[in-house]
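What follows is a short report on a single structure.
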There are 2 protein chains.
Amino acid sequence: MPKQVDHEQRRRLLTEAVFAVISTQGFEAVSLRDVAEQAGVSMGTVQHYFPTKQQMLSFALSHMRERVLARLQAALAALREPTRRDLIRAATAVMLPVDPAGREEACVNIAFFSAATVTPAYAEQLRDGYGRILTVSVANFREAARLGELRDGIDPDVEAPVLYFLTQGLVGPILVGLYSPDDALALIDAQLDRVFRPISP
Amino acid sequence: MPKQVDHEQRRRLLTEAVFAVISTQGFEAVSLRDVAEQAGVSMGTVQHYFPTKQQMLSFALSHMRERVLARLQAALAALREPTRRDLIRAATAVMLPVDPAGREEACVNIAFFSAATVTPAYAEQLRDGYGRILTVSVANFREAARLGELRDGIDPDVEAPVLYFLTQGLVGPILVGLYSPDDALALIDAQLDRVFRPISP
């Protein structure tokens, strides 16, 4: 019987190599040769899966979304009887470069935001991906409001985007060492304290 | 008499060419040739001022800070009898890509944040530059608190970084078209409404 190759799996492995090259050598460094070397395969194999560099990078960007969602699901599954606030806090922490995986993802995402200024296809992918997360975030805050979990006078349609963009705005400063992960999480917690009612004991 | 060349002026002109190349063609595209073409000078002239690409880019990043500060001063000077809230609002708007100059600066800054993940010298420059703005912002909020301009229970040491990082977090989403400049400014105004007391008539 011929050996079965899981093509989707192979494509993902190559994409992880793309992430490693971007975050350790920079977006400029991404080449067929570097990705092949990083993945331990031939350049022909990379070309077989991704005929052009832009196809490789576009697939990498969509796989990045899946990867973040998988980490998010794992983080949420690890919580015991989480409140809505716990869920929102965990989702926020996943988007920050507070551990090696988050750091690699942040490097890659920033690289794509930069590349998006001259490559409309990336801008569209980012708009779509980040837009979905924002939509989920607004829905979560509205549900919390409906359940009476938010303090008086708190508007979920304001606080959801504020928390979301605040989180995005902490990514670059953490990466360059202006703000520590702990300080960033403390700022997030201060927001959540302001927005959510304290849980009655 | 020999013709006097204002070297500092020339260096700045070349730097503006670097900004134009980054924001229209991308960070990867920055080359001696492109910058010379964009500036309308010879490649030898560019090399005379910037022997290496990294020297050119490092100077560009420090000039970017000056350029943003100059736009900020112009924006502040245009205000008539501004309140502290007006000053903070104007400074925030200068940092957002809400006009062509702001958009070009945002493209360049994101490109440097991306490059900083593999070039520690850029990370240091960004940490220093953004850190200074954050320090000024905290001082402004503290002064507003001292003057009784903030609402009860508002902590300037929390609200200054929140507004600052929220603003940074809106830059990428505006660039890729996820959020409009108007929506971004409305979110900023909602923050300021929450933090500052209404002005008595």
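Identifiers for the structure tokens are assigned positionally: chains receive A, B, ... in sequence, residues are indexed from 1 per chain, and ligands are indexed from 1 in the order shown.
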Report the residues of segment 55-188 of chain B whose backbone DSSP state falls under alpha helix (DSSP H), written as a PyMOL selection string.
chain B and resi 55-77+84-94+100-116+120-146+156-175+181-188
Which residues of chain B are close to chain A, meaning at most 9 Å apart when you count only C-alpha atoms, and how do they look as a ChimeraX atom specification?
/B:22-28,107-120,122-124,126-128,130-131,158,161-173,175-179,187-188,190-191
Excluding segment 33-47 of chain A and residues on its chain fewer than 2 positions from it, collect all residues at most 9 Å away from it, counting only C-alpha atoms, and give them as a list of chain:residue names.
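Listing them by chain and then by number gives A:Arg11, A:Leu13, A:Leu14, A:Thr15, A:Glu16, A:Ala17, A:Val18, A:Ala20, A:Val21, A:Ala29, A:Val30, A:Ser31, A:Tyr49, A:Phe50, A:Pro51, A:Thr52, A:Lys53, A:Met56.
Atom CA of His7 of chain A to atom CA of Phe59 of chain A spans 13.5 Å [interatomic distance, one decimal].
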Find the distance between atom CA of Arg146 of chain B and atom CA of Arg132 of chain B and write it in Å to one decimal.
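Atom-to-atom, atom CA of Arg146 of chain B to atom CA of Arg132 of chain B, that is 21.1 Å.
We find atom CA of Gln54 of chain B and atom CA of Glu8 of chain B to be spaced 18.1 Å apart.
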With only C-alpha atoms as the basis for distance, which of B:Val138, B:Ile199, B:Ala75, B:Leu61 is at the shortest distance from Leu87 of chain B?
B:Ala75
